[in-house]
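Working notes, structure below.
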Amino acid sequence: MKDKIAEKLLLFIAFSAIGSLLLITFFIFQQGIPLIFKIGLGNFFSMHWSPTRGQFGILSMIIGSLMVTVGALIVGIPFGLACAIYLAEFSSKMVQKTLKPIIELLAGIPSVVYGFIGIVILVPFIRIHFGGPGFSVLASSIILGIMILPTIVSISYDSLIAVPNTYREGSYALGATKWQTVVKLLIPAARSGIVAGIILGMGRAIGETMAVIMIAGNALKIPHSMLDSVRTLTSTIALELGYATGDHRAALFACGAFLFIIIITLNIIAIRITGRRE
Amino acid sequence: MTFRIGPRTSQIIAHIILLLMTIVTVIVLFFIIGYVFKNGFAQLSLEFLTDRTREMGKEGGILPSIIGTLFITVLAIIIATPLGVGSAVYLVEYTRGGLLRKIISFGADCLAGVPSIIFGLFGFIFFVIQLKLGWSILSGSLTLAVMIIPTIIRTSEEAIKAVPQSYREISYSLGGGKLDTILKVVLPTSLPGILTGVILGIGRAIGETAAVIFTAGSSLGMPTSVFSSTRTLAVHFYILAREGISMPKAYGTATVLIIIILFVNLVAYRLMHRFMAKYY
């Protein structure tokens with residue numbers, strides 16, 4: 001009897017995560033979707049964002065989010081993969097044991113701290129050495145690239161380690177060097193995990209808010225170079241939610257709904273890829 | 001004739017490049033923390049930690065933010081721990097593969113990837129407005145609780161899975177029921193692993209900004225109840241830095257924030273390590 005009640009109660013609790021996810025989906029969409037229908041898809045995906053005039057086009061922010069995300073991946077993937085490969089294949093157990101937790105600590109540092117480092121070091125550096133306002137696509141890409149490193153390193157490392165040792169031994173027995181083994185054998189074998197890590201990192205970059213607000217400049221126009229200011233979907237939501245009312249607030253929720261769809265899609269792809277491997 | 005690099009040479013070159021890139025990554029980490037500490041340590045004093053915040057943060061200390069952060073985090077953990085651990089127990093002890101398990105796992109994985117601004121939007125419309133909790137510690141901690149449930153589920157699940165099957169069988173053979181076995185054998189054995197998840201959740205809650213600024217607000221007053229609005233350390237630091245109110249105070253606040261988070265993560269890591277060494 002006691003066991004039966006416990007099982008029912010635990011089943012109920014076990015739905016807390018998926019239940020929360022559904023609740024979040026419901027409220028974000030309920031608040032945002034009616035506005036999209038009201039102004040029409042064409043206007044929603046247009047260039048004009050001017051809440052006071054009732055214009056809610058998010059195209060320039062989509063492009064902004066896309067630019068900083070691609071930039072973050074350009075910075076994050078090479079360094080992330082290099083760290084993962086070095087730690088998994090080239091370093092001693094001692095180095096592995098010390099460096100892996102240190103890199104994972106990067107993930108624990110709050111995003112506002114990254115944004116702050118961007119403001120006090122990176123932005124002035126870019127302004128002085130490359131010109132422009134400093135608050136830019138470039139600054140955001142570098143900081144976001146650093147922020148997604150731990151995700152990429154951690155998941156790629158785990159999938160490299162998971163490749164059976166017999167693969168390595170076979171390759172060495174054929175006279176291949178370590179590097180040849182990595183390129184020709186280990187990376188292809190661990191490919192799904194590496195891709196999943198990159199996709200999750202991409203999700204983190206698109207969704208990051210506070211760090212980007214602090215260093216992107218947030219100007220509402222399409223950037224023409226890496227040194228131009230940029231505004232993302234997330235920063236628009238965070239900058240304007242504090243005072244927005246009526247249609248304007250609904251439009252911010254519509255931005256959130258769009259972002260949510262992208263992130264959930266990326267998550268599902270990553271989950272499917274890693275799920276298949278298991 | 002084309003110039004070709006031999007396999008030995010490329011091996012050496014690759015090794016050097018990988019090593020350099022790893023070193024750069026590690027240096028960047030130490031630089032970020034070191035730079036904040038270098039400028040922040042001078043700001044730390046008993047007065048800074050125990051004084052009220054004055055003139056929007058230009059003067060005084062960070063006591064209200066420390067207390068607000070403490071309240072919000074403790075409350076979020078109190079809400080999230082039973083839900084997270086309960087889900088993990090159900091996943092490991094009651095489901096055997098199947099659709100149900102897939103749905104629950106999928107929910108946790110997806111929720112883990114949702115960015116904090118979405119939690120902020122949700123918490124704002126649901127807790128602050130619909131449930132009329134206002135900008136308050138309660139709204140903030142409910143939002144954070146939803147955010148950290150997946151962390152607790154995932155870590156607890158690993159920990160509960162690590163409990164050897166023989167422990168359960170011994171309990172059953174002694175006449176223990178399922179619930180007794182879970183409460184008296186499985187949970188106590190996996191406690192260090194579960195605690196790791198809870199502590200990681202604490203770390204996430206303390207460092208969070210986007211999800212709390214729209215749910216707990218940014219009031220600088222000393223919180224008096226769960227319905228008070230408050231400004232957590234991370235939010236206070238964000239406002240100081242972004243609005244350029246006071247760089248010295250910003251460095252000081254960041255230093256306190258990073259020290260707490262490093263400490264929390266270190267404790268979590270040590271616990272996990274000891275637990276894993278014992279059962280894996």
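Going through the structure tokens in order, the chains are called A, B, and so on, while each chain numbers its residues from 1 and the ligands are numbered from 1 in the order shown.
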task = Would you kindly return, as a PyMOL selection string, each protein, DNA or RNA residue with an atom no farther than 8 Å from any atom of B:Tyr172, considering only C-alpha atoms and excluding same-chain residues fewer than 5 positions away?
result = chain B and resi 177-178+181
Take the residues from that selection and put them in a file with N, CA and C atoms, as a short mmCIF file (atom, residue, chain, number, x, y, z; two decimals), in the first residue's frame.
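So result_22.cif came out as:
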```cif
data_model
loop_
_atom_site.label_atom_id
_atom_site.label_comp_id
_atom_site.auth_asym_id
_atom_site.auth_seq_id
_atom_site.Cartn_x
_atom_site.Cartn_y
_atom_site.Cartn_z
N GLY B 177 10.63 -3.60 1.60
CA GLY B 177 9.83 -3.28 0.43
C GLY B 177 10.60 -2.35 -0.49
N LYS B 178 9.97 -1.98 -1.59
CA LYS B 178 10.65 -1.11 -2.55
C LYS B 178 10.96 0.26 -1.94
N THR B 181 13.64 0.09 0.67
CA THR B 181 14.95 -0.08 0.04
C THR B 181 15.47 1.25 -0.49
#
```
Within 12 Å of A:Ile269 using only C-alpha atoms, minus same-chain residues under 4 positions, as a tab-separated table (two decimals) with N, CA and C atoms, in the first residue's frame:
```tsv
chain	number	residue	atom	x	y	z
A	192	SER	N	29.84	11.69	-33.89
A	192	SER	CA	28.50	12.06	-33.42
A	192	SER	C	28.56	12.86	-32.12
A	193	GLY	N	29.45	12.43	-31.20
A	193	GLY	CA	29.58	13.15	-29.94
A	193	GLY	C	30.12	14.55	-30.16
A	195	VAL	N	29.85	16.40	-32.86
A	195	VAL	CA	28.80	17.22	-33.47
A	195	VAL	C	27.76	17.64	-32.42
A	196	ALA	N	27.41	16.70	-31.53
A	196	ALA	CA	26.44	17.03	-30.49
A	196	ALA	C	26.98	18.15	-29.60
A	197	GLY	N	28.25	18.06	-29.26
A	197	GLY	CA	28.87	19.09	-28.43
A	197	GLY	C	28.82	20.45	-29.11
A	198	ILE	N	29.11	20.47	-30.41
A	198	ILE	CA	29.10	21.72	-31.15
A	198	ILE	C	27.68	22.29	-31.22
A	199	ILE	N	26.69	21.41	-31.43
A	199	ILE	CA	25.31	21.88	-31.52
A	199	ILE	C	24.85	22.47	-30.18
A	200	LEU	N	25.21	21.78	-29.08
A	200	LEU	CA	24.83	22.31	-27.77
A	200	LEU	C	25.53	23.64	-27.50
A	202	MET	N	26.38	25.75	-29.78
A	202	MET	CA	25.67	26.71	-30.63
A	202	MET	C	24.40	27.19	-29.93
A	203	GLY	N	23.68	26.28	-29.31
A	203	GLY	CA	22.49	26.64	-28.56
A	203	GLY	C	22.81	27.61	-27.44
A	262	ILE	N	14.04	27.57	-32.12
A	262	ILE	CA	15.38	27.27	-32.61
A	262	ILE	C	16.15	26.41	-31.60
A	263	ILE	N	16.10	26.84	-30.33
A	263	ILE	CA	16.87	26.13	-29.30
A	263	ILE	C	16.37	24.70	-29.12
A	264	ILE	N	15.04	24.53	-29.07
A	264	ILE	CA	14.50	23.19	-28.88
A	264	ILE	C	14.87	22.30	-30.06
A	265	THR	N	14.83	22.87	-31.29
A	265	THR	CA	15.24	22.09	-32.46
A	265	THR	C	16.69	21.63	-32.31
A	273	ILE	N	21.34	12.64	-31.79
A	273	ILE	CA	22.69	12.20	-32.18
A	273	ILE	C	23.33	11.39	-31.06
A	274	THR	N	23.29	11.92	-29.83
A	274	THR	CA	23.94	11.20	-28.73
A	274	THR	C	23.15	9.95	-28.37
A	275	GLY	N	21.84	10.02	-28.51
A	275	GLY	CA	21.01	8.86	-28.18
A	275	GLY	C	21.34	7.68	-29.06
A	276	ARG	N	21.59	7.96	-30.35
A	276	ARG	CA	21.89	6.89	-31.29
A	276	ARG	C	23.19	6.18	-30.90
B	106	PHE	N	13.75	13.04	-21.96
B	106	PHE	CA	13.71	14.07	-22.98
B	106	PHE	C	13.37	15.42	-22.36
B	109	ASP	N	16.46	16.70	-20.53
B	109	ASP	CA	17.52	17.13	-21.45
B	109	ASP	C	17.17	18.45	-22.13
B	110	CYS	N	15.92	18.55	-22.58
B	110	CYS	CA	15.50	19.76	-23.28
B	110	CYS	C	15.49	20.96	-22.35
B	113	GLY	N	18.73	22.64	-21.80
B	113	GLY	CA	19.29	23.47	-22.86
B	113	GLY	C	18.56	24.79	-23.06
```
remark   = Closest of B:Leu138, B:Met276, B:Ile125, B:Val256 to chain A, counting only C-alpha atoms, is B:Ile125
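Using only C-alpha atoms, the contacts of A:Ile102 at a cut-off of 10 Å, with sequence neighbours closer than 2 positions omitted, comprise Gln96, Lys97, Thr98, Leu99, Lys100, Glu104, Leu105, Leu106, Ala107 and Pro150 of chain A; Val26, Leu29, Phe30 and Leu266 of chain B.
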query = Please, what distance in Å, to one decimal, runs between atom CA of A:Ala72 and atom CA of A:Ala139?
reply = 9.7 Å
Neighbour list for B:Ile17 as a PyMOL selection string, cut-off 10 Å, only C-alpha atoms, skip fewer than 6 positions in-chain = (chain A and resi 82+86) or (chain B and resi 23)
message = Can you tell me, as a PyMOL selection string, which residues in stretch 15-253 of chain A count as alpha helix (DSSP H) by DSSP?
response = chain A and resi 16-39+41-44+59-85+93-108+111-117+123-130+137-161+165-173+178-181+187-189+191-207+210-216+233-240+246-253
task = Could you give me the residues within stretch 22-61 of chain A that DSSP places in strand (DSSP E or B), as a PyMOL selection string?
result = chain A and resi 49-50+55-56
Could you take the residues named above and write them with C-alpha atoms, as a PDB file, in the first residue's frame?
```pdb
ATOM      1  CA  TRP A  49      11.634  47.251 -35.240  1.00  0.00           C
ATOM      2  CA  SER A  50      10.027  50.388 -33.881  1.00  0.00           C
ATOM      3  CA  GLN A  55       6.473  47.924 -36.015  1.00  0.00           C
ATOM      4  CA  PHE A  56       7.841  44.646 -34.774  1.00  0.00           C
TER       5      PHE A  56
END
```
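Nearest to B:Ile206 of all the residues B:Val186, B:Ala250, B:Ile67, B:Ile194 is B:Ile67, based on only C-alpha atoms.
Proximity ranking of A:Gly40, A:Pro133, A:Pro164, A:Gly19 relative to chain B places A:Gly19 first, based on only C-alpha atoms.
Interatomic distance, atom CA of B:Asp51 to atom CA of B:Leu257: 16.5 Å.
For B:Lys278, the residues within 12 Å (counting only C-alpha atoms, excluding itself and residues fewer than 4 positions away along the chain) are Ala159, Ala162, Val163, Pro164, Thr189, Ser190, Pro192, Gly193, Leu271, Met272, His273 and Arg274 of chain B.
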inquiry  = Here is a test: counting only C-alpha atoms, which residue of A:Gln31, A:Phe116, A:Phe26, A:Ala211 is nearest to A:Thr245?
reply    = A:Gln31
ask   = In terms of the shortest atom-to-atom distance over only C-alpha atoms, which of B:Leu121, B:Leu183, B:Val146, B:Ile12 is closest to A:Leu252?
value = B:Leu121
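With only C-alpha atoms as the atoms that count, the residue of B:Arg168, B:Lys161, B:Lys102, B:Arg52 with the shortest distance to chain A is B:Lys102.
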query = What lies within 7 Å of stretch 220-233 of chain A using only C-alpha atoms, ignoring chain neighbours under 2 positions off, as a PyMOL selection string?
reply = chain A and resi 60-62+64-65+132+134-138+216-218+235-237+255
request  = Just the residues within 12 Å of B:Asn39, please, counting only C-alpha atoms, with nothing from its chain fewer than 2 positions along; format it as a PyMOL selection string.
outcome  = (chain A and resi 117+120) or (chain B and resi 32-37+41-44+247-256)
Using only N, CA and C atoms, please write the residues we just selected to a file, as an mmCIF file, in the first residue's frame.
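Below you can see out-v4.cif, which holds the result:
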```
data_model
loop_
_atom_site.group_PDB
_atom_site.id
_atom_site.type_symbol
_atom_site.label_atom_id
_atom_site.label_comp_id
_atom_site.auth_asym_id
_atom_site.auth_seq_id
_atom_site.Cartn_x
_atom_site.Cartn_y
_atom_site.Cartn_z
ATOM 1 N N ILE A 117 34.453 41.286 -18.375
ATOM 2 C CA ILE A 117 35.806 41.189 -18.941
ATOM 3 C C ILE A 117 35.797 41.764 -20.356
ATOM 4 N N VAL A 120 35.800 45.659 -19.938
ATOM 5 C CA VAL A 120 37.009 46.313 -19.432
ATOM 6 C C VAL A 120 38.273 45.981 -20.238
ATOM 7 N N ILE B 32 40.998 35.593 -16.872
ATOM 8 C CA ILE B 32 39.693 36.175 -16.533
ATOM 9 C C ILE B 32 39.525 36.253 -15.018
ATOM 10 N N ILE B 33 39.773 35.129 -14.351
ATOM 11 C CA ILE B 33 39.606 35.102 -12.895
ATOM 12 C C ILE B 33 40.653 35.999 -12.230
ATOM 13 N N GLY B 34 41.899 35.874 -12.692
ATOM 14 C CA GLY B 34 42.993 36.641 -12.097
ATOM 15 C C GLY B 34 42.786 38.140 -12.234
ATOM 16 N N TYR B 35 42.295 38.564 -13.404
ATOM 17 C CA TYR B 35 42.118 39.994 -13.647
ATOM 18 C C TYR B 35 41.068 40.584 -12.699
ATOM 19 N N VAL B 36 39.969 39.846 -12.539
ATOM 20 C CA VAL B 36 38.919 40.316 -11.627
ATOM 21 C C VAL B 36 39.452 40.355 -10.192
ATOM 22 N N PHE B 37 40.159 39.288 -9.796
ATOM 23 C CA PHE B 37 40.697 39.235 -8.424
ATOM 24 C C PHE B 37 41.692 40.364 -8.180
ATOM 25 N N PHE B 41 40.254 42.404 -5.073
ATOM 26 C CA PHE B 41 40.634 42.081 -3.699
ATOM 27 C C PHE B 41 40.785 43.328 -2.833
ATOM 28 N N ALA B 42 41.312 44.397 -3.442
ATOM 29 C CA ALA B 42 41.516 45.637 -2.680
ATOM 30 C C ALA B 42 40.184 46.195 -2.158
ATOM 31 N N GLN B 43 39.075 45.844 -2.837
ATOM 32 C CA GLN B 43 37.768 46.374 -2.440
ATOM 33 C C GLN B 43 37.163 45.613 -1.270
ATOM 34 N N LEU B 44 37.660 44.392 -1.072
ATOM 35 C CA LEU B 44 37.039 43.552 -0.055
ATOM 36 C C LEU B 44 37.401 44.038 1.340
ATOM 37 N N MET B 247 33.105 51.295 -10.929
ATOM 38 C CA MET B 247 33.945 50.170 -11.332
ATOM 39 C C MET B 247 34.588 49.465 -10.123
ATOM 40 N N PRO B 248 35.124 50.227 -9.137
ATOM 41 C CA PRO B 248 35.718 49.538 -7.978
ATOM 42 C C PRO B 248 34.713 48.613 -7.283
ATOM 43 N N LYS B 249 33.467 49.114 -7.097
ATOM 44 C CA LYS B 249 32.455 48.279 -6.443
ATOM 45 C C LYS B 249 32.098 47.079 -7.313
ATOM 46 N N ALA B 250 32.107 47.304 -8.638
ATOM 47 C CA ALA B 250 31.808 46.196 -9.553
ATOM 48 C C ALA B 250 32.863 45.101 -9.407
ATOM 49 N N TYR B 251 34.144 45.509 -9.390
ATOM 50 C CA TYR B 251 35.212 44.512 -9.207
ATOM 51 C C TYR B 251 35.056 43.785 -7.885
ATOM 52 N N GLY B 252 34.740 44.544 -6.828
ATOM 53 C CA GLY B 252 34.574 43.932 -5.506
ATOM 54 C C GLY B 252 33.455 42.902 -5.513
ATOM 55 N N THR B 253 32.297 43.280 -6.096
ATOM 56 C CA THR B 253 31.152 42.368 -6.146
ATOM 57 C C THR B 253 31.480 41.131 -6.977
ATOM 58 N N ALA B 254 32.154 41.350 -8.117
ATOM 59 C CA ALA B 254 32.521 40.224 -8.980
ATOM 60 C C ALA B 254 33.447 39.266 -8.238
ATOM 61 N N THR B 255 34.372 39.827 -7.464
ATOM 62 C CA THR B 255 35.308 38.982 -6.722
ATOM 63 C C THR B 255 34.557 38.096 -5.728
ATOM 64 N N VAL B 256 33.634 38.700 -4.977
ATOM 65 C CA VAL B 256 32.832 37.914 -4.030
ATOM 66 C C VAL B 256 32.071 36.815 -4.777
#
```
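Reported to one decimal place, the separation of atom CA of B:Phe275 from atom CA of B:Arg96 is 24.7 Å.
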